[in-house]
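Reproduced below: input-v1.cif, with mmCIF, N, CA and C atoms.
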data_target
#
loop_
_atom_site.label_atom_id
_atom_site.label_comp_id
_atom_site.auth_asym_id
_atom_site.auth_seq_id
_atom_site.Cartn_x
_atom_site.Cartn_y
_atom_site.Cartn_z
N MET E 1 7.00 -122.66 -20.68
CA MET E 1 8.30 -122.01 -20.56
C MET E 1 8.46 -121.45 -19.15
N SER E 2 9.64 -121.64 -18.54
CA SER E 2 9.83 -121.16 -17.18
C SER E 2 10.03 -119.64 -17.19
N ARG E 3 9.68 -119.07 -16.07
CA ARG E 3 9.75 -117.61 -15.93
C ARG E 3 11.19 -117.18 -15.65
N ALA E 4 11.69 -116.21 -16.41
CA ALA E 4 13.06 -115.71 -16.19
C ALA E 4 13.03 -114.62 -15.13
N THR E 5 14.01 -114.62 -14.26
CA THR E 5 14.08 -113.59 -13.22
C THR E 5 15.13 -112.55 -13.61
N ASN E 6 15.13 -111.51 -12.85
CA ASN E 6 16.11 -110.44 -13.08
C ASN E 6 17.22 -110.54 -12.03
N ALA E 7 17.38 -111.71 -11.43
CA ALA E 7 18.30 -111.86 -10.30
C ALA E 7 19.73 -111.45 -10.62
N PRO E 8 20.33 -111.88 -11.72
CA PRO E 8 21.73 -111.50 -11.96
C PRO E 8 21.92 -109.98 -12.04
N ALA E 9 21.01 -109.30 -12.73
CA ALA E 9 21.13 -107.85 -12.87
C ALA E 9 20.90 -107.15 -11.53
N SER E 10 19.93 -107.63 -10.76
CA SER E 10 19.65 -107.02 -9.45
C SER E 10 20.83 -107.21 -8.51
N ARG E 11 21.38 -108.41 -8.52
CA ARG E 11 22.52 -108.71 -7.66
C ARG E 11 23.70 -107.82 -8.03
N GLU E 12 23.94 -107.65 -9.30
CA GLU E 12 25.05 -106.81 -9.76
C GLU E 12 24.82 -105.34 -9.36
N ARG E 13 23.58 -104.88 -9.50
CA ARG E 13 23.24 -103.51 -9.12
C ARG E 13 23.48 -103.29 -7.63
N ARG E 14 23.07 -104.26 -6.81
CA ARG E 14 23.28 -104.16 -5.36
C ARG E 14 24.77 -104.22 -5.02
N ARG E 15 25.48 -105.11 -5.69
CA ARG E 15 26.92 -105.24 -5.44
C ARG E 15 27.66 -103.93 -5.73
N ARG E 16 27.30 -103.31 -6.87
CA ARG E 16 27.94 -102.03 -7.22
C ARG E 16 27.67 -100.97 -6.17
N ARG E 17 26.44 -100.90 -5.69
CA ARG E 17 26.07 -99.88 -4.70
C ARG E 17 26.79 -100.13 -3.38
N LEU E 18 26.87 -101.39 -2.96
CA LEU E 18 27.56 -101.71 -1.70
C LEU E 18 29.07 -101.47 -1.85
N GLU E 19 29.59 -101.65 -3.04
CA GLU E 19 31.00 -101.38 -3.29
C GLU E 19 31.30 -99.88 -3.08
N LEU E 20 30.39 -99.02 -3.53
CA LEU E 20 30.55 -97.57 -3.35
C LEU E 20 30.48 -97.18 -1.87
N ALA E 21 29.77 -98.00 -1.07
CA ALA E 21 29.57 -97.68 0.35
C ALA E 21 30.67 -98.26 1.23
N LYS E 22 31.68 -98.88 0.63
CA LYS E 22 32.77 -99.44 1.44
C LYS E 22 33.43 -98.34 2.25
N GLY E 23 33.71 -98.64 3.50
CA GLY E 23 34.36 -97.66 4.37
C GLY E 23 33.36 -96.87 5.20
N PHE E 24 32.08 -96.93 4.88
CA PHE E 24 31.08 -96.27 5.70
C PHE E 24 30.89 -97.09 6.97
N ARG E 25 30.42 -96.47 8.05
CA ARG E 25 30.29 -97.16 9.33
C ARG E 25 29.00 -97.96 9.42
N GLY E 26 29.09 -99.12 10.04
CA GLY E 26 27.92 -99.91 10.41
C GLY E 26 27.09 -100.34 9.23
N SER E 27 25.77 -100.23 9.42
CA SER E 27 24.84 -100.74 8.41
C SER E 27 24.88 -99.92 7.12
N ARG E 28 25.49 -98.74 7.16
CA ARG E 28 25.58 -97.92 5.96
C ARG E 28 26.48 -98.57 4.90
N SER E 29 27.30 -99.52 5.32
CA SER E 29 28.12 -100.23 4.36
C SER E 29 27.66 -101.67 4.15
N LYS E 30 26.65 -102.11 4.90
CA LYS E 30 26.24 -103.51 4.84
C LYS E 30 24.86 -103.70 4.22
N LEU E 31 23.92 -102.85 4.59
CA LEU E 31 22.53 -103.02 4.16
C LEU E 31 22.25 -102.15 2.95
N PHE E 32 21.54 -102.74 1.98
CA PHE E 32 21.38 -102.07 0.68
C PHE E 32 20.69 -100.72 0.79
N ARG E 33 19.61 -100.65 1.51
CA ARG E 33 18.86 -99.39 1.55
C ARG E 33 19.66 -98.28 2.23
N GLN E 34 20.24 -98.59 3.39
CA GLN E 34 21.06 -97.58 4.07
C GLN E 34 22.27 -97.19 3.22
N ALA E 35 22.85 -98.19 2.56
CA ALA E 35 24.01 -97.90 1.71
C ALA E 35 23.61 -96.99 0.56
N THR E 36 22.46 -97.25 -0.04
CA THR E 36 21.99 -96.42 -1.16
C THR E 36 21.80 -94.97 -0.71
N GLU E 37 21.14 -94.80 0.44
CA GLU E 37 20.91 -93.43 0.93
C GLU E 37 22.22 -92.74 1.28
N ALA E 38 23.13 -93.49 1.90
CA ALA E 38 24.42 -92.90 2.28
C ALA E 38 25.24 -92.52 1.05
N VAL E 39 25.23 -93.38 0.04
CA VAL E 39 26.00 -93.10 -1.18
C VAL E 39 25.40 -91.92 -1.94
N ASN E 40 24.07 -91.88 -2.01
CA ASN E 40 23.42 -90.75 -2.70
C ASN E 40 23.80 -89.43 -2.03
N ARG E 41 23.76 -89.42 -0.70
CA ARG E 41 24.10 -88.20 0.04
C ARG E 41 25.59 -87.85 -0.18
N ALA E 42 26.44 -88.86 -0.10
CA ALA E 42 27.87 -88.62 -0.26
C ALA E 42 28.19 -88.06 -1.64
N GLN E 43 27.54 -88.59 -2.68
CA GLN E 43 27.81 -88.10 -4.03
C GLN E 43 27.29 -86.68 -4.22
N ARG E 44 26.13 -86.40 -3.63
CA ARG E 44 25.56 -85.05 -3.74
C ARG E 44 26.47 -84.04 -3.04
N LEU E 45 26.94 -84.39 -1.84
CA LEU E 45 27.81 -83.47 -1.10
C LEU E 45 29.18 -83.34 -1.76
N ALA E 46 29.67 -84.43 -2.37
CA ALA E 46 30.96 -84.35 -3.05
C ALA E 46 30.90 -83.35 -4.19
N THR E 47 29.79 -83.37 -4.93
CA THR E 47 29.62 -82.43 -6.04
C THR E 47 29.58 -81.00 -5.51
N GLU E 48 28.79 -80.80 -4.45
CA GLU E 48 28.65 -79.47 -3.86
C GLU E 48 29.98 -78.97 -3.31
N HIS E 49 30.72 -79.85 -2.65
CA HIS E 49 31.96 -79.43 -2.01
C HIS E 49 33.09 -79.19 -3.01
N ARG E 50 33.03 -79.83 -4.18
CA ARG E 50 34.01 -79.50 -5.21
C ARG E 50 33.86 -78.04 -5.63
N LYS E 51 32.62 -77.56 -5.68
CA LYS E 51 32.39 -76.15 -6.02
C LYS E 51 32.84 -75.24 -4.88
N LEU E 52 32.51 -75.65 -3.64
CA LEU E 52 32.83 -74.82 -2.48
C LEU E 52 34.34 -74.71 -2.26
N ARG E 53 35.08 -75.78 -2.58
CA ARG E 53 36.52 -75.76 -2.37
C ARG E 53 37.18 -74.62 -3.14
N LYS E 54 36.68 -74.35 -4.33
CA LYS E 54 37.24 -73.28 -5.15
C LYS E 54 37.03 -71.93 -4.47
N ARG E 55 35.84 -71.73 -3.89
CA ARG E 55 35.56 -70.48 -3.19
C ARG E 55 36.43 -70.34 -1.95
N GLU E 56 36.59 -71.45 -1.21
CA GLU E 56 37.35 -71.40 0.04
C GLU E 56 38.81 -71.07 -0.23
N PHE E 57 39.38 -71.64 -1.30
CA PHE E 57 40.77 -71.34 -1.61
C PHE E 57 40.92 -69.88 -2.01
N ARG E 58 39.97 -69.36 -2.79
CA ARG E 58 40.06 -67.95 -3.19
C ARG E 58 40.02 -67.05 -1.94
N ARG E 59 39.14 -67.38 -0.99
CA ARG E 59 39.06 -66.60 0.26
C ARG E 59 40.38 -66.65 1.02
N LEU E 60 41.00 -67.84 1.05
CA LEU E 60 42.29 -68.00 1.74
C LEU E 60 43.36 -67.13 1.08
N TRP E 61 43.42 -67.19 -0.25
CA TRP E 61 44.44 -66.40 -0.96
C TRP E 61 44.25 -64.91 -0.70
N ILE E 62 42.99 -64.46 -0.73
CA ILE E 62 42.71 -63.04 -0.50
C ILE E 62 43.10 -62.64 0.92
N ALA E 63 42.81 -63.51 1.89
CA ALA E 63 43.18 -63.21 3.28
C ALA E 63 44.70 -63.09 3.44
N ARG E 64 45.43 -63.97 2.77
CA ARG E 64 46.90 -63.92 2.84
C ARG E 64 47.45 -62.66 2.21
N ILE E 65 46.91 -62.32 1.03
CA ILE E 65 47.37 -61.11 0.34
C ILE E 65 47.06 -59.88 1.18
N ASN E 66 45.86 -59.85 1.73
CA ASN E 66 45.43 -58.71 2.55
C ASN E 66 46.36 -58.53 3.75
N ALA E 67 46.70 -59.64 4.42
CA ALA E 67 47.59 -59.56 5.59
C ALA E 67 48.96 -59.01 5.18
N ALA E 68 49.48 -59.51 4.06
CA ALA E 68 50.81 -59.07 3.61
C ALA E 68 50.79 -57.60 3.19
N VAL E 69 49.72 -57.18 2.54
CA VAL E 69 49.62 -55.80 2.05
C VAL E 69 49.42 -54.83 3.21
N ARG E 70 48.64 -55.23 4.20
CA ARG E 70 48.41 -54.35 5.36
C ARG E 70 49.68 -54.11 6.16
N ASN E 71 50.61 -55.08 6.14
CA ASN E 71 51.91 -54.86 6.80
C ASN E 71 52.66 -53.71 6.16
N GLU E 72 52.35 -53.44 4.90
CA GLU E 72 53.01 -52.34 4.17
C GLU E 72 52.15 -51.07 4.16
N GLY E 73 51.06 -51.07 4.92
CA GLY E 73 50.24 -49.87 5.05
C GLY E 73 49.31 -49.61 3.87
N MET E 74 48.76 -50.66 3.31
CA MET E 74 47.85 -50.53 2.17
C MET E 74 46.72 -51.54 2.36
N THR E 75 45.60 -51.31 1.70
CA THR E 75 44.51 -52.28 1.79
C THR E 75 44.52 -53.18 0.56
N TYR E 76 43.85 -54.31 0.70
CA TYR E 76 43.79 -55.30 -0.39
C TYR E 76 43.16 -54.69 -1.64
N SER E 77 42.04 -53.98 -1.46
CA SER E 77 41.32 -53.47 -2.64
C SER E 77 42.15 -52.41 -3.38
N ARG E 78 42.82 -51.54 -2.62
CA ARG E 78 43.68 -50.54 -3.27
C ARG E 78 44.87 -51.19 -3.97
N PHE E 79 45.39 -52.25 -3.37
CA PHE E 79 46.50 -52.99 -3.97
C PHE E 79 46.08 -53.60 -5.30
N MET E 80 44.92 -54.26 -5.31
CA MET E 80 44.44 -54.89 -6.54
C MET E 80 44.13 -53.83 -7.60
N GLU E 81 43.59 -52.70 -7.18
CA GLU E 81 43.33 -51.61 -8.12
C GLU E 81 44.64 -51.10 -8.72
N GLY E 82 45.66 -50.95 -7.87
CA GLY E 82 46.96 -50.49 -8.34
C GLY E 82 47.60 -51.47 -9.31
N LEU E 83 47.48 -52.76 -9.03
CA LEU E 83 48.04 -53.75 -9.95
C LEU E 83 47.34 -53.69 -11.30
N THR E 84 46.03 -53.52 -11.28
CA THR E 84 45.26 -53.43 -12.53
C THR E 84 45.71 -52.22 -13.34
N LYS E 85 45.84 -51.08 -12.66
CA LYS E 85 46.26 -49.86 -13.36
C LYS E 85 47.69 -49.96 -13.87
N ALA E 86 48.53 -50.70 -13.14
CA ALA E 86 49.92 -50.87 -13.57
C ALA E 86 50.05 -51.89 -14.69
N GLY E 87 48.95 -52.59 -14.98
CA GLY E 87 48.98 -53.59 -16.04
C GLY E 87 49.64 -54.89 -15.63
N ILE E 88 49.66 -55.16 -14.33
CA ILE E 88 50.25 -56.40 -13.82
C ILE E 88 49.13 -57.41 -13.62
N ALA E 89 49.18 -58.50 -14.38
CA ALA E 89 48.13 -59.51 -14.30
C ALA E 89 48.70 -60.77 -13.66
N VAL E 90 48.58 -60.84 -12.34
CA VAL E 90 49.00 -62.03 -11.59
C VAL E 90 47.80 -62.50 -10.81
N ASN E 91 47.50 -63.81 -10.87
CA ASN E 91 46.32 -64.28 -10.16
C ASN E 91 46.55 -64.33 -8.65
N ARG E 92 45.47 -64.45 -7.91
CA ARG E 92 45.53 -64.36 -6.46
C ARG E 92 46.32 -65.50 -5.83
N LYS E 93 46.24 -66.67 -6.44
CA LYS E 93 47.00 -67.82 -5.92
C LYS E 93 48.50 -67.51 -5.95
N MET E 94 48.96 -66.99 -7.09
CA MET E 94 50.38 -66.69 -7.22
C MET E 94 50.78 -65.52 -6.33
N LEU E 95 49.91 -64.52 -6.21
CA LEU E 95 50.20 -63.39 -5.33
C LEU E 95 50.39 -63.86 -3.89
N SER E 96 49.52 -64.78 -3.44
CA SER E 96 49.65 -65.26 -2.06
C SER E 96 50.93 -66.07 -1.89
N GLU E 97 51.31 -66.84 -2.91
CA GLU E 97 52.56 -67.61 -2.84
C GLU E 97 53.77 -66.67 -2.80
N ILE E 98 53.71 -65.61 -3.60
CA ILE E 98 54.80 -64.63 -3.61
C ILE E 98 54.89 -63.94 -2.25
N ALA E 99 53.74 -63.61 -1.67
CA ALA E 99 53.71 -62.94 -0.37
C ALA E 99 54.34 -63.81 0.71
N ILE E 100 54.14 -65.12 0.62
CA ILE E 100 54.69 -66.04 1.62
C ILE E 100 56.17 -66.30 1.37
N ALA E 101 56.52 -66.62 0.13
CA ALA E 101 57.86 -67.12 -0.17
C ALA E 101 58.88 -66.02 -0.47
N ASP E 102 58.43 -64.91 -1.05
CA ASP E 102 59.37 -63.89 -1.52
C ASP E 102 58.88 -62.51 -1.07
N ALA E 103 59.17 -62.18 0.17
CA ALA E 103 58.68 -60.92 0.75
C ALA E 103 59.21 -59.70 -0.01
N GLU E 104 60.49 -59.75 -0.42
CA GLU E 104 61.08 -58.61 -1.13
C GLU E 104 60.41 -58.40 -2.50
N GLY E 105 60.16 -59.50 -3.20
CA GLY E 105 59.48 -59.40 -4.49
C GLY E 105 58.08 -58.86 -4.34
N PHE E 106 57.41 -59.26 -3.25
CA PHE E 106 56.05 -58.77 -3.01
C PHE E 106 56.06 -57.28 -2.70
N LYS E 107 57.08 -56.83 -1.96
CA LYS E 107 57.19 -55.38 -1.68
C LYS E 107 57.37 -54.60 -2.98
N GLY E 108 58.09 -55.19 -3.92
CA GLY E 108 58.25 -54.56 -5.23
C GLY E 108 56.92 -54.41 -5.95
N LEU E 109 56.07 -55.44 -5.86
CA LEU E 109 54.74 -55.35 -6.46
C LEU E 109 53.91 -54.26 -5.78
N ILE E 110 54.03 -54.17 -4.47
CA ILE E 110 53.28 -53.15 -3.74
C ILE E 110 53.72 -51.75 -4.18
N GLU E 111 55.02 -51.56 -4.35
CA GLU E 111 55.53 -50.26 -4.79
C GLU E 111 55.02 -49.90 -6.19
N LYS E 112 54.98 -50.90 -7.09
CA LYS E 112 54.47 -50.65 -8.43
C LYS E 112 52.99 -50.31 -8.40
N ALA E 113 52.26 -50.98 -7.52
CA ALA E 113 50.82 -50.69 -7.38
C ALA E 113 50.62 -49.27 -6.83
N ARG E 114 51.44 -48.89 -5.84
CA ARG E 114 51.35 -47.54 -5.28
C ARG E 114 51.64 -46.47 -6.34
N ALA E 115 52.67 -46.73 -7.12
CA ALA E 115 53.06 -45.76 -8.16
C ALA E 115 51.95 -45.60 -9.20
N ALA E 116 51.25 -46.70 -9.51
CA ALA E 116 50.19 -46.63 -10.51
C ALA E 116 48.97 -45.89 -9.98
N LEU E 117 48.78 -45.88 -8.68
CA LEU E 117 47.61 -45.20 -8.08
C LEU E 117 47.79 -43.70 -8.04
N VAL E 118 49.01 -43.21 -8.05
CA VAL E 118 49.26 -41.77 -7.91
C VAL E 118 49.00 -41.05 -9.21
#

Represent the structure contained in this file as structure tokens.
Amino acid sequence: MSRATNAPASRERRRRRLELAKGFRGSRSKLFRQATEAVNRAQRLATEHRKLRKREFRRLWIARINAAVRNEGMTYSRFMEGLTKAGIAVNRKMLSEIAIADAEGFKGLIEKARAALV
């Protein structure tokens, strides 16, 4: 009986890996070993950066809120404390959008936060 090879499965495995490496520069998209290493790194960093993106956006929203609140003579932490005491539950993303798009509405929130702190 002739010996069966694993050629079709190996070829398919290599093809899939090179397909994932499309768009990479040079040998990273052509040669199997370099492509494998590049794809492994890319997938690992993609996972890590999905987590980091959430932190970066939260930092951005806080920076925007802080800038808007400081224009009214208050700090970010006191503002958030005032909102909590006033029973206003708005997330930071929406607060930053309100600060950008609706300055008058944001001033109203600041006044409510101030009133709750007194």

key: DSSP helix (DSSP H, G or I) residues within chain E, as JSON, numbers by chain   = {"E": [7, 8, 9, 10, 11, 12, 13, 14, 15, 16, 17, 18, 19, 20, 26, 27, 28, 29, 32, 33, 34, 35, 36, 37, 38, 39, 40, 41, 42, 43, 44, 45, 46, 47, 48, 49, 50, 51, 52, 53, 54, 55, 56, 57, 58, 59, 60, 61, 62, 63, 64, 65, 66, 67, 68, 69, 70, 76, 77, 78, 79, 80, 81, 82, 83, 84, 85, 86, 92, 93, 94, 95, 96, 97, 98, 99, 100, 101, 103, 104, 105, 106, 107, 108, 109, 110, 111, 112, 113, 114, 115, 116, 117]}

request  = Using the chain letters and numbers from the file, give me the residues hit by the PyMOL selection byres (((chain E and resi 114 and name CA) around 10) and name CA), as an MDAnalysis selection string.
outcome  = chainID E and resid 74 78:79 81:83 85:86 108:113 115:118

Let's have the selection written as a PDB file, in the frame of the given file, with N, CA and C atoms.
ATOM      1  N   MET E  74      48.760 -50.660   3.310  1.00  0.00           N
ATOM      2  CA  MET E  74      47.850 -50.530   2.170  1.00  0.00           C
ATOM      3  C   MET E  74      46.720 -51.540   2.360  1.00  0.00           C
ATOM      4  N   ARG E  78      42.820 -51.540  -2.620  1.00  0.00           N
ATOM      5  CA  ARG E  78      43.680 -50.540  -3.270  1.00  0.00           C
ATOM      6  C   ARG E  78      44.870 -51.190  -3.970  1.00  0.00           C
ATOM      7  N   PHE E  79      45.390 -52.250  -3.370  1.00  0.00           N
ATOM      8  CA  PHE E  79      46.500 -52.990  -3.970  1.00  0.00           C
ATOM      9  C   PHE E  79      46.080 -53.600  -5.300  1.00  0.00           C
ATOM     10  N   GLU E  81      43.590 -52.700  -7.180  1.00  0.00           N
ATOM     11  CA  GLU E  81      43.330 -51.610  -8.120  1.00  0.00           C
ATOM     12  C   GLU E  81      44.640 -51.100  -8.720  1.00  0.00           C
ATOM     13  N   GLY E  82      45.660 -50.950  -7.870  1.00  0.00           N
ATOM     14  CA  GLY E  82      46.960 -50.490  -8.340  1.00  0.00           C
ATOM     15  C   GLY E  82      47.600 -51.470  -9.310  1.00  0.00           C
ATOM     16  N   LEU E  83      47.480 -52.760  -9.030  1.00  0.00           N
ATOM     17  CA  LEU E  83      48.040 -53.750  -9.950  1.00  0.00           C
ATOM     18  C   LEU E  83      47.340 -53.690 -11.300  1.00  0.00           C
ATOM     19  N   LYS E  85      45.840 -51.080 -12.660  1.00  0.00           N
ATOM     20  CA  LYS E  85      46.260 -49.860 -13.360  1.00  0.00           C
ATOM     21  C   LYS E  85      47.690 -49.960 -13.870  1.00  0.00           C
ATOM     22  N   ALA E  86      48.530 -50.700 -13.140  1.00  0.00           N
ATOM     23  CA  ALA E  86      49.920 -50.870 -13.570  1.00  0.00           C
ATOM     24  C   ALA E  86      50.050 -51.890 -14.690  1.00  0.00           C
ATOM     25  N   GLY E 108      58.090 -55.190  -3.920  1.00  0.00           N
ATOM     26  CA  GLY E 108      58.250 -54.560  -5.230  1.00  0.00           C
ATOM     27  C   GLY E 108      56.920 -54.410  -5.950  1.00  0.00           C
ATOM     28  N   LEU E 109      56.070 -55.440  -5.860  1.00  0.00           N
ATOM     29  CA  LEU E 109      54.740 -55.350  -6.460  1.00  0.00           C
ATOM     30  C   LEU E 109      53.910 -54.260  -5.780  1.00  0.00           C
ATOM     31  N   ILE E 110      54.030 -54.170  -4.470  1.00  0.00           N
ATOM     32  CA  ILE E 110      53.280 -53.150  -3.740  1.00  0.00           C
ATOM     33  C   ILE E 110      53.720 -51.750  -4.180  1.00  0.00           C
ATOM     34  N   GLU E 111      55.020 -51.560  -4.350  1.00  0.00           N
ATOM     35  CA  GLU E 111      55.530 -50.260  -4.790  1.00  0.00           C
ATOM     36  C   GLU E 111      55.020 -49.900  -6.190  1.00  0.00           C
ATOM     37  N   LYS E 112      54.980 -50.900  -7.090  1.00  0.00           N
ATOM     38  CA  LYS E 112      54.470 -50.650  -8.430  1.00  0.00           C
ATOM     39  C   LYS E 112      52.990 -50.310  -8.400  1.00  0.00           C
ATOM     40  N   ALA E 113      52.260 -50.980  -7.520  1.00  0.00           N
ATOM     41  CA  ALA E 113      50.820 -50.690  -7.380  1.00  0.00           C
ATOM     42  C   ALA E 113      50.620 -49.270  -6.830  1.00  0.00           C
ATOM     43  N   ALA E 115      52.670 -46.730  -7.120  1.00  0.00           N
ATOM     44  CA  ALA E 115      53.060 -45.760  -8.160  1.00  0.00           C
ATOM     45  C   ALA E 115      51.950 -45.600  -9.200  1.00  0.00           C
ATOM     46  N   ALA E 116      51.250 -46.700  -9.510  1.00  0.00           N
ATOM     47  CA  ALA E 116      50.190 -46.630 -10.510  1.00  0.00           C
ATOM     48  C   ALA E 116      48.970 -45.890  -9.980  1.00  0.00           C
ATOM     49  N   LEU E 117      48.780 -45.880  -8.680  1.00  0.00           N
ATOM     50  CA  LEU E 117      47.610 -45.200  -8.080  1.00  0.00           C
ATOM     51  C   LEU E 117      47.790 -43.700  -8.040  1.00  0.00           C
ATOM     52  N   VAL E 118      49.010 -43.210  -8.050  1.00  0.00           N
ATOM     53  CA  VAL E 118      49.260 -41.770  -7.910  1.00  0.00           C
ATOM     54  C   VAL E 118      49.000 -41.050  -9.210  1.00  0.00           C
TER      55      VAL E 118
END

message = For a cutoff of 9 Å around the file-coordinate point (55.1, -53.3, 2.6), which residues qualify once you count only C-alpha atoms? I'd like the result as a VMD selection string.
response = chain E and resid 68 to 74 103 to 104 106 to 108 110 to 111

Take the selection from the previous step and output its residues with N, CA and C atoms, as a PDB file, in the frame of the given file.
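Below you can see again-v7.pdb, which holds the result:
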ATOM      1  N   ALA E  68      49.480 -59.510   4.060  1.00  0.00           N
ATOM      2  CA  ALA E  68      50.810 -59.070   3.610  1.00  0.00           C
ATOM      3  C   ALA E  68      50.790 -57.600   3.190  1.00  0.00           C
ATOM      4  N   VAL E  69      49.720 -57.180   2.540  1.00  0.00           N
ATOM      5  CA  VAL E  69      49.620 -55.800   2.050  1.00  0.00           C
ATOM      6  C   VAL E  69      49.420 -54.830   3.210  1.00  0.00           C
ATOM      7  N   ARG E  70      48.640 -55.230   4.200  1.00  0.00           N
ATOM      8  CA  ARG E  70      48.410 -54.350   5.360  1.00  0.00           C
ATOM      9  C   ARG E  70      49.680 -54.110   6.160  1.00  0.00           C
ATOM     10  N   ASN E  71      50.610 -55.080   6.140  1.00  0.00           N
ATOM     11  CA  ASN E  71      51.910 -54.860   6.800  1.00  0.00           C
ATOM     12  C   ASN E  71      52.660 -53.710   6.160  1.00  0.00           C
ATOM     13  N   GLU E  72      52.350 -53.440   4.900  1.00  0.00           N
ATOM     14  CA  GLU E  72      53.010 -52.340   4.170  1.00  0.00           C
ATOM     15  C   GLU E  72      52.150 -51.070   4.160  1.00  0.00           C
ATOM     16  N   GLY E  73      51.060 -51.070   4.920  1.00  0.00           N
ATOM     17  CA  GLY E  73      50.240 -49.870   5.050  1.00  0.00           C
ATOM     18  C   GLY E  73      49.310 -49.610   3.870  1.00  0.00           C
ATOM     19  N   MET E  74      48.760 -50.660   3.310  1.00  0.00           N
ATOM     20  CA  MET E  74      47.850 -50.530   2.170  1.00  0.00           C
ATOM     21  C   MET E  74      46.720 -51.540   2.360  1.00  0.00           C
ATOM     22  N   ALA E 103      59.170 -62.180   0.170  1.00  0.00           N
ATOM     23  CA  ALA E 103      58.680 -60.920   0.750  1.00  0.00           C
ATOM     24  C   ALA E 103      59.210 -59.700  -0.010  1.00  0.00           C
ATOM     25  N   GLU E 104      60.490 -59.750  -0.420  1.00  0.00           N
ATOM     26  CA  GLU E 104      61.080 -58.610  -1.130  1.00  0.00           C
ATOM     27  C   GLU E 104      60.410 -58.400  -2.500  1.00  0.00           C
ATOM     28  N   PHE E 106      57.410 -59.260  -3.250  1.00  0.00           N
ATOM     29  CA  PHE E 106      56.050 -58.770  -3.010  1.00  0.00           C
ATOM     30  C   PHE E 106      56.060 -57.280  -2.700  1.00  0.00           C
ATOM     31  N   LYS E 107      57.080 -56.830  -1.960  1.00  0.00           N
ATOM     32  CA  LYS E 107      57.190 -55.380  -1.680  1.00  0.00           C
ATOM     33  C   LYS E 107      57.370 -54.600  -2.980  1.00  0.00           C
ATOM     34  N   GLY E 108      58.090 -55.190  -3.920  1.00  0.00           N
ATOM     35  CA  GLY E 108      58.250 -54.560  -5.230  1.00  0.00           C
ATOM     36  C   GLY E 108      56.920 -54.410  -5.950  1.00  0.00           C
ATOM     37  N   ILE E 110      54.030 -54.170  -4.470  1.00  0.00           N
ATOM     38  CA  ILE E 110      53.280 -53.150  -3.740  1.00  0.00           C
ATOM     39  C   ILE E 110      53.720 -51.750  -4.180  1.00  0.00           C
ATOM     40  N   GLU E 111      55.020 -51.560  -4.350  1.00  0.00           N
ATOM     41  CA  GLU E 111      55.530 -50.260  -4.790  1.00  0.00           C
ATOM     42  C   GLU E 111      55.020 -49.900  -6.190  1.00  0.00           C
TER      43      GLU E 111
END

Residue IDs satisfying the PyMOL selection byres (((chain E and resi 2-15 and name CA) around 10) and name CA), as a PyMOL selection string = chain E and resi 1+16-21+31-33+35-36

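With only C-alpha atoms as the atoms that count, the minimum distance from Ala99 of chain E to the choices E:Gln43, E:Ser77, E:Thr84, E:Asn66 is reached by E:Asn66.
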
Find the smallest box with edges along x, y and z containing every listed atom of segment 11-14 of chain E, then add 4 Å on each side and report centre and edge lengths in Å to one decimal, as JSON.
{"center_x": 23.2, "center_y": -106.0, "center_z": -7.4, "size_x": 11.7, "size_y": 13.4, "size_z": 12.7}

message = Please enumerate the residues selected by the PyMOL selection byres (((chain E and resi 94 and name CA) around 12) and name CA) when evaluated against the supplied file, formatted as a ChimeraX atom specification.
response = /E:58,61-62,64-65,89-93,95-102,105-106

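Take atom CA of Thr75 of chain E and atom CA of Ile88 of chain E: the distance between them is 17.1 Å.
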
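The two atoms in question, atom C of Lys51 of chain E and atom N of Ala38 of chain E, are spaced 21.8 Å apart.
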